[in-house]
>>> print(open('work_5.csv').read())   # CSV, C-alpha atoms
chain,number,residue,atom,x,y,z
A,781,MET,CA,254.2,160.7,-103.8
A,782,ALA,CA,251.1,159.3,-102.2
A,783,PHE,CA,252.3,159.2,-98.6
A,784,GLY,CA,251.5,162.8,-97.9
A,785,LYS,CA,247.9,162.4,-99.1
A,786,THR,CA,244.8,161.2,-97.4
A,787,VAL,CA,242.2,158.7,-98.4
A,788,GLN,CA,238.7,157.9,-97.3
A,789,VAL,CA,238.1,154.5,-95.6
A,790,THR,CA,235.0,152.9,-94.2
A,791,GLN,CA,235.3,151.1,-90.9
A,792,GLY,CA,232.3,149.7,-89.1
A,793,GLY,CA,230.0,151.5,-91.5
A,794,GLU,CA,231.6,154.9,-90.9
A,795,ARG,CA,233.6,156.8,-93.4
A,796,SER,CA,236.7,158.7,-92.3
A,797,GLU,CA,239.7,160.4,-93.8
A,798,VAL,CA,243.1,158.9,-92.9
A,799,GLY,CA,246.6,159.1,-94.2
A,800,VAL,CA,247.7,156.8,-97.0
A,801,ASP,CA,250.3,155.1,-94.7
A,802,PHE,CA,247.6,154.4,-92.1
A,803,ALA,CA,245.2,153.1,-94.7
A,804,ILE,CA,247.9,150.7,-96.0
A,805,ASP,CA,248.5,149.5,-92.4
A,806,LEU,CA,244.8,148.9,-91.9
A,807,ARG,CA,244.6,146.9,-95.1
A,808,THR,CA,247.6,144.9,-94.1
A,809,LEU,CA,246.1,144.1,-90.7
A,810,LYS,CA,242.8,143.1,-92.4
A,811,ASP,CA,244.6,140.8,-94.8
A,812,ALA,CA,246.6,139.3,-91.9
A,813,MET,CA,243.3,138.6,-90.1
A,814,ASP,CA,242.0,136.9,-93.2
A,815,GLY,CA,245.1,134.6,-93.1
A,816,LYS,CA,247.1,136.0,-95.9
A,817,ALA,CA,250.7,134.8,-95.4
A,818,ARG,CA,252.6,138.0,-96.5
A,819,ALA,CA,250.4,140.2,-94.3
A,820,LEU,CA,250.8,137.8,-91.4
A,821,LYS,CA,254.5,138.1,-91.7
A,822,LYS,CA,254.4,141.9,-91.8
A,823,VAL,CA,252.1,142.1,-88.8
A,824,ALA,CA,254.3,139.6,-86.9
A,825,GLY,CA,257.2,141.9,-87.6
A,826,TRP,CA,255.3,144.9,-86.2
A,827,VAL,CA,254.5,142.9,-83.0
A,828,ILE,CA,258.1,141.9,-82.6
A,829,LYS,CA,259.3,145.5,-83.0
A,830,ARG,CA,256.7,146.7,-80.6
A,831,GLU,CA,257.7,144.2,-78.0
A,832,GLU,CA,261.4,145.0,-78.4
A,833,TRP,CA,260.6,148.7,-77.9
A,834,ARG,CA,258.4,147.9,-74.8
A,835,HIS,CA,261.2,145.9,-73.3
A,836,ALA,CA,263.8,148.5,-74.0
A,837,GLU,CA,261.5,151.2,-72.5
A,838,HIS,CA,260.8,149.1,-69.5
A,839,ASP,CA,264.5,148.4,-69.0
A,840,ARG,CA,265.3,152.1,-69.4
A,841,LYS,CA,262.7,153.1,-66.9
A,842,ASN,CA,263.4,150.2,-64.5
A,843,PRO,CA,267.1,149.4,-64.6
A,844,SER,CA,268.0,146.1,-63.0
A,845,VAL,CA,269.8,146.5,-59.7
A,846,ILE,CA,272.4,143.8,-58.9
A,847,GLU,CA,273.7,144.1,-55.4
A,848,HIS,CA,277.3,143.1,-55.0
A,849,VAL,CA,277.4,141.3,-51.7
A,850,PHE,CA,281.1,141.0,-51.1
A,851,GLY,CA,284.2,139.5,-52.7
A,852,ASP,CA,285.6,139.9,-56.2
A,853,ASP,CA,285.8,136.2,-57.1
A,854,PRO,CA,283.0,135.4,-59.6
A,855,ASP,CA,283.6,131.7,-59.0
A,856,ASN,CA,283.0,132.1,-55.2
A,857,ALA,CA,280.2,129.7,-54.3
A,858,GLU,CA,279.4,131.6,-51.1
A,859,GLU,CA,278.8,134.8,-53.1
A,860,ALA,CA,276.7,132.9,-55.7
A,861,LEU,CA,274.5,131.4,-52.9
A,862,GLN,CA,273.8,134.8,-51.5
A,863,LEU,CA,273.1,136.4,-54.9
A,864,LEU,CA,270.6,133.7,-55.6
A,865,ASP,CA,269.0,134.1,-52.2
A,866,ILE,CA,269.7,130.4,-51.3
A,867,ALA,CA,271.8,131.4,-48.3
A,868,THR,CA,272.4,134.5,-46.2
A,869,ARG,CA,275.4,135.5,-44.1
A,870,ASP,CA,275.2,134.6,-40.5
A,871,TRP,CA,275.9,137.9,-38.9
A,872,ASP,CA,276.0,136.4,-35.4
A,873,TYR,CA,279.0,134.3,-36.3
A,874,ASP,CA,282.3,136.1,-35.5
A,875,PRO,CA,285.4,134.2,-36.4
A,876,SER,CA,288.1,136.1,-34.7
A,877,ASP,CA,291.1,134.3,-36.2
A,878,THR,CA,290.0,133.9,-39.8
A,879,GLU,CA,288.1,135.7,-42.5
A,880,THR,CA,285.7,132.8,-42.9
A,881,VAL,CA,282.1,133.7,-43.5
A,882,ARG,CA,279.4,131.4,-42.3
A,883,LEU,CA,276.2,131.1,-44.2
A,884,GLN,CA,272.7,130.0,-43.3
A,885,LEU,CA,270.5,128.4,-45.8
A,886,ALA,CA,267.1,129.9,-46.7
A,887,PRO,CA,264.2,127.9,-45.4
A,888,TRP,CA,262.7,127.5,-48.9
A,889,ALA,CA,266.0,125.8,-50.0
A,890,VAL,CA,266.0,123.4,-47.1
A,891,ASN,CA,262.3,122.6,-47.6
A,892,ALA,CA,263.0,121.9,-51.3
A,893,ALA,CA,265.8,119.6,-50.4
A,894,LEU,CA,263.7,117.8,-47.8
A,895,ARG,CA,260.9,117.2,-50.3
A,896,ARG,CA,263.4,115.6,-52.7
A,897,LYS,CA,265.0,113.3,-50.0
A,898,ARG,CA,263.6,109.8,-50.5
A,899,SER,CA,264.1,108.7,-46.9
A,900,SER,CA,263.1,110.7,-43.9
A,901,LYS,CA,265.5,109.0,-41.5
A,902,PHE,CA,267.4,111.7,-39.6
A,903,SER,CA,269.3,111.3,-36.4
A,904,LYS,CA,268.9,113.9,-33.6
A,905,LYS,CA,272.3,115.2,-34.7
A,906,ASP,CA,271.1,115.6,-38.3
A,907,ILE,CA,268.0,117.5,-37.2
A,908,SER,CA,270.0,119.7,-35.0
A,909,GLU,CA,272.6,120.5,-37.7
A,910,ILE,CA,269.9,121.2,-40.3
A,911,GLU,CA,268.1,123.6,-37.9
A,912,ARG,CA,271.4,125.3,-37.0
A,913,CYS,CA,272.4,125.8,-40.6
A,914,THR,CA,269.0,127.2,-41.6
A,915,ALA,CA,268.3,131.0,-41.3
A,916,ASP,CA,265.0,130.3,-39.5
A,917,GLY,CA,264.8,126.7,-38.3
A,918,ALA,CA,261.2,127.2,-37.3
A,919,ASP,CA,260.2,127.6,-40.9
A,920,ILE,CA,261.4,124.1,-41.9
A,921,ASP,CA,258.6,121.8,-43.2
A,922,TRP,CA,259.7,118.5,-41.8
A,923,PRO,CA,258.4,115.3,-43.4
A,924,LYS,CA,255.5,113.8,-41.4
A,925,ASP,CA,257.5,110.8,-40.2
A,926,VAL,CA,260.4,112.8,-38.7
A,927,ARG,CA,260.3,112.7,-35.0
A,928,ARG,CA,261.5,115.9,-33.4
A,929,GLU,CA,262.0,116.2,-29.6
>>> encode(input="work_5.csv", output="structure tokens")
Amino acid sequence: MAFGKTVQVTQGGERSEVGVDFAIDLRTLKDAMDGKARALKKVAGWVIKREEWRHAEHDRKNPSVIEHVFGDDPDNAEEALQLLDIATRDWDYDPSDTETVRLQLAPWAVNAALRRKRSSKFSKKDISEIERCTADGADIDWPKDVRRE
């Protein structure tokens, strides 16, 4: 069988001795670069395999960490908002008679909503509520025509 043997190849004007399997890979790569369909398909397969391996290695070395905030209900909207960093728990809020959790919206989410709003007409109460429900009301980018007092 030829795969245990070596052959001489010339690359860039220099001759060297390489294994038959490596020589075949070099020729396949050259043919792909020349636009030959079968070689292109083979090289594309190599690239896909390499990328799959790289992703698997990265995932193995850098496992994803998912923090379980609280609650066991996957349909719980409050939990989803926290997992997506759209809202955070308001730790200053202490409901003594219920298990209610109060959330505050992330400033980026409020700013995104304000950019989408077609009209900038807000009452003083609206502005006050938006600031109260935002984790850091000072980071809100109000539209230019909103008057704040």
>>> closest_residue(input="work_5.csv", among="A:Ala915, A:Ala892, A:Val787, A:Asp906", to="Ala867 (chain A)", atoms="all atoms listed in the file")
A:Ala915
>>> residues_around(input="work_5.csv", residues="Trp871 (chain A)", least_positions_apart="6", cutoff="12 Å", atoms="only C-alpha atoms", output="list of chain:residue names")
A:Thr880, A:Val881, A:Arg882, A:Leu883, A:Gln884, A:Ala915
>>> atom_distance(input="work_5.csv", atom1="CA of Leu864 (chain A)", atom2="CA of Ala893 (chain A)")
15.8 Å
>>> atom_distance(input="work_5.csv", atom1="CA of Ala819 (chain A)", atom2="CA of Ala836 (chain A)")
25.7 Å
>>> atom_distance(input="work_5.csv", atom1="CA of Lys829 (chain A)", atom2="CA of Phe802 (chain A)")
17.3 Å
>>> closest_residue(input="work_5.csv", among="A:Leu809, A:Ala803, A:Glu831, A:Ala886", to="Glu911 (chain A)", atoms="all atoms listed in the file")
A:Ala886
>>> residues_near_point(input="work_5.csv", point="(245.2, 160.7, -98.3)", cutoff="6 Å", atoms="all atoms listed in the file", output="short mmCIF file (atom, residue, chain, number, x, y, z; two decimals) with C-alpha atoms, in the coordinates of the input")
data_model
loop_
_atom_site.label_atom_id
_atom_site.label_comp_id
_atom_site.auth_asym_id
_atom_site.auth_seq_id
_atom_site.Cartn_x
_atom_site.Cartn_y
_atom_site.Cartn_z
CA LYS A 785 247.90 162.40 -99.10
CA THR A 786 244.80 161.20 -97.40
CA VAL A 787 242.20 158.70 -98.40
CA GLY A 799 246.60 159.10 -94.20
CA VAL A 800 247.70 156.80 -97.00
#
>>> build_atoms(input="work_5.csv", residues="region 811-832 of chain A", atoms="N, CA and C atoms", output="compact mmCIF listing (two decimals), keeping the file's coordinate frame")
# COMPACT_ATOMS: atom_id res chain seq x y z
N ASP A 811 244.17 141.98 -94.02
CA ASP A 811 244.60 140.80 -94.80
C ASP A 811 245.25 139.76 -93.85
N ALA A 812 245.98 140.20 -92.83
CA ALA A 812 246.60 139.30 -91.90
C ALA A 812 245.46 138.51 -91.13
N MET A 813 244.42 139.24 -90.76
CA MET A 813 243.30 138.60 -90.10
C MET A 813 242.56 137.64 -90.96
N ASP A 814 242.65 137.86 -92.27
CA ASP A 814 242.00 136.90 -93.20
C ASP A 814 242.96 135.75 -93.54
N GLY A 815 244.17 135.74 -92.92
CA GLY A 815 245.10 134.60 -93.10
C GLY A 815 246.05 134.69 -94.22
N LYS A 816 246.22 135.85 -94.82
CA LYS A 816 247.10 136.00 -95.90
C LYS A 816 248.58 136.01 -95.42
N ALA A 817 249.40 135.11 -95.96
CA ALA A 817 250.70 134.80 -95.40
C ALA A 817 251.64 136.09 -95.39
N ARG A 818 251.70 136.85 -96.47
CA ARG A 818 252.60 138.00 -96.50
C ARG A 818 252.16 139.05 -95.44
N ALA A 819 250.86 139.25 -95.31
CA ALA A 819 250.40 140.20 -94.30
C ALA A 819 250.64 139.69 -92.91
N LEU A 820 250.47 138.39 -92.68
CA LEU A 820 250.80 137.80 -91.40
C LEU A 820 252.23 138.05 -91.00
N LYS A 821 253.12 137.86 -91.96
CA LYS A 821 254.50 138.10 -91.70
C LYS A 821 254.82 139.53 -91.36
N LYS A 822 254.18 140.45 -92.09
CA LYS A 822 254.40 141.90 -91.80
C LYS A 822 253.87 142.25 -90.44
N VAL A 823 252.68 141.80 -90.08
CA VAL A 823 252.10 142.10 -88.80
C VAL A 823 252.93 141.48 -87.66
N ALA A 824 253.42 140.27 -87.87
CA ALA A 824 254.30 139.60 -86.90
C ALA A 824 255.54 140.49 -86.65
N GLY A 825 256.08 141.05 -87.73
CA GLY A 825 257.20 141.90 -87.60
C GLY A 825 256.90 143.17 -86.78
N TRP A 826 255.69 143.73 -86.97
CA TRP A 826 255.30 144.90 -86.20
C TRP A 826 255.21 144.52 -84.69
N VAL A 827 254.63 143.35 -84.42
CA VAL A 827 254.50 142.90 -83.00
C VAL A 827 255.86 142.74 -82.38
N ILE A 828 256.78 142.12 -83.10
CA ILE A 828 258.10 141.90 -82.60
C ILE A 828 258.80 143.24 -82.29
N LYS A 829 258.70 144.18 -83.23
CA LYS A 829 259.30 145.50 -83.00
C LYS A 829 258.69 146.21 -81.82
N ARG A 830 257.35 146.11 -81.70
CA ARG A 830 256.70 146.70 -80.60
C ARG A 830 257.16 146.14 -79.24
N GLU A 831 257.25 144.82 -79.19
CA GLU A 831 257.70 144.20 -78.00
C GLU A 831 259.15 144.52 -77.64
N GLU A 832 260.00 144.59 -78.64
CA GLU A 832 261.40 145.00 -78.40
C GLU A 832 261.43 146.40 -77.85
